[in-house]
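As structure tokens, the structure follows; a few thoughts come after it.
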Amino acid sequence: MKTKLIAFLLTVAVAGVLLAYGVYREEIGEVMFNAAML
Amino acid sequence: MKYLKRRIFQSLGTFLPNSYLQGFSLSIAHGALKISPSLYQGSLKSVCSPLLNCYACPSALFSCPIGTLQHFMVTGNFPFYGAGSLAVVGASVGRMTCGTLCPFGFLQDLLYKFRSYKHSIPVWTRYIRYAVLALLVFLIPLLTHENWFSKLCPMGTLMGGLPWVTLDLNVRSMIRYLFWVKISILLFFITTSLMVKRPFCRAICPLGAIFSVFNKSSFLQLAWNPDTCTKCGKCQKICPVDIRPDRNPTNPDCLRCLDCTRCPSLKLTTVLHKNPFAVPPSGRGAEKLEEAPAR
């Protein structure tokens, strides 16, 4: 169970870093533009 | 009751992300009622829904996550925001959105209920979805600068292609052979879904391939109690993807639909619980499973 908890915490950390870096790179605007201007 | 709850969630997962009804605006031209499709262009389109839901559908409110990943690959960039959004959902619930919210999964579940010849597919077909993810979502769009998965996606045909072709004359005039390829793919999966449990989710879906990676390390987990399990195999009969959750509760194919948790030997838990079966289960759940119809 400890291994699963560590795996979960690592996954959350990686997911958070990916998401935060995407937001920092202002990808949200590009996602919206791409989806709205198909 | 759990079936009903899941059907309610699946209905919400189908209708709420597609609730932009202004996308089908009505007008009267030359005395005839005309429906003109248009796309929602508001801020919600910046959100990647964790479902296979086409963002070209006139009623779609959110972005398709696979379309977003492909768009960034086409432009030669890594999709940090799209991948991060999916990873956050995957880390929280694993593949649960596939089992409880996805509209295309819901359609396949409903189609399988029709009386027809039933068949199972081999386990190795699960690896096709990883190949689809790697090739059609990442590698080929990067090399060809074209969204190849979106071009062939059956959900895209159903929710995006068909409404536009039906309602917009300009789009209809642009129909080429690729449209008929898309229609054939859609018809193939509709027909197969009558005979096989969720064929697209199990063998093809790249979103399912992404979420299935998180099943082992997500916050929500499926726990199995070997002390009370009689290995009767009823969990497989009611499982929408035909797996044995008692053999591997963190199976990457598991949709976390929780249909099997009507058996007291299987339970939804979290990574924080050291012993989820500390309190012995009552026999009530077992009786319910006995009564459950085989699907």
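Here's how to read the names in the structure tokens: chain A, B, ... by the order shown, residue numbers from 1 in each chain, ligand numbers from 1 in the order shown.
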
TODO: Considering only C-alpha atoms, return as a PyMOL selection string whatever protein or nucleic-acid residues lie within 9 Å of Val31 (chain A), sequence-local ones (same chain, fewer than 5 positions apart) excluded.
DONE: (chain A and resi 36) or (chain B and resi 45-48+63+68+71-72+81-82)

Output of the above residues as a compact mmCIF listing (two decimals), in the first residue's frame, restricted to C-alpha atoms:
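Result went into part-v5.txt, see below:
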# COMPACT_ATOMS: atom_id res chain seq x y z
CA ALA A 36 -13.57 27.11 -31.51
CA LYS B 45 -13.67 25.37 -25.08
CA SER B 46 -10.32 25.85 -23.32
CA VAL B 47 -11.18 22.88 -21.05
CA CYS B 48 -10.24 19.39 -22.25
CA SER B 63 -12.50 20.52 -26.22
CA THR B 68 -6.02 18.87 -28.51
CA HIS B 71 -3.21 19.80 -32.63
CA PHE B 72 -0.02 20.36 -30.64
CA TYR B 81 -1.65 21.48 -20.96
CA GLY B 82 -3.61 18.67 -22.63

Can you tell me which residues surround Thr125 (chain B) at a distance of at most 7 Å, considering only C-alpha atoms, apart from same-chain residues fewer than 3 positions away, and format the answer as a PDB file with N, CA and C atoms, in the first residue's frame?
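around_15.pdb written:
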ATOM      1  N   PRO B 122     -10.090 -11.360 -28.120  1.00  0.00           N
ATOM      2  CA  PRO B 122      -8.899 -11.784 -27.380  1.00  0.00           C
ATOM      3  C   PRO B 122      -8.243 -10.637 -26.600  1.00  0.00           C
ATOM      4  N   ILE B 128      -3.667  -2.797 -29.203  1.00  0.00           N
ATOM      5  CA  ILE B 128      -3.902  -1.980 -30.406  1.00  0.00           C
ATOM      6  C   ILE B 128      -4.105  -0.520 -30.004  1.00  0.00           C
ATOM      7  N   ALA B 203     -10.201  -1.901 -27.606  1.00  0.00           N
ATOM      8  CA  ALA B 203      -9.164  -2.145 -28.614  1.00  0.00           C
ATOM      9  C   ALA B 203      -8.601  -0.887 -29.254  1.00  0.00           C
TER      10      ALA B 203
END

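Relative to CA of Ala83 (chain B), CA of Gly22 (chain A) is found at 8.7 Å.
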
- [ ] Run DSSP on the backbone of this structure and report the residues of region 34-260 of chain B it assigns to strand (DSSP E or B), as a ChimeraX atom specification.
- [x] /B:34-37,48,63,220-224

TODO: Give me, as a list in words, the contact residues of chain A against chain B at a cut-off of 6 Å, counting only C-alpha atoms.
DONE: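 Applying the cut-off to the listed atoms yields Lys4, Leu5, Ala7, Phe8, Val12, Ala15, Leu18, Leu19, Gly22, Ile28, Val31, Met32, Ala35 and Ala36 of chain A.
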
TODO: Might you pull out every residue within 6 Å of region 151-163 of chain B, with only C-alpha atoms counted and same-chain residues fewer than 3 positions away left off, and present them as number ranges by chain?
DONE: B: 54, 56-57, 148, 166-167, 182, 186

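Distance-wise, CA of Pro252 (chain B) and CA of Arg7 (chain B) end up 22.2 Å apart.
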
TODO: Can you work out which one of B:Ser59, B:Asn225, B:Asn18, B:Thr97 has the shortest atom-to-atom distance to Leu207 (chain B), counting only C-alpha atoms?
DONE: B:Thr97

- [ ] Between CA of Lys5 (chain B) and CA of Val123 (chain B), measure the distance and give it in Å to one decimal.
- [x] 28.5 Å

- [ ] Compile the contact shell of Asp253 (chain B) as a VMD selection string: residues with an atom at most 9 Å away, counting only C-alpha atoms, same-chain residues fewer than 3 positions apart removed.
- [x] chain B and resid 95 126 201 to 202 208 to 209 212 215 241 243 250
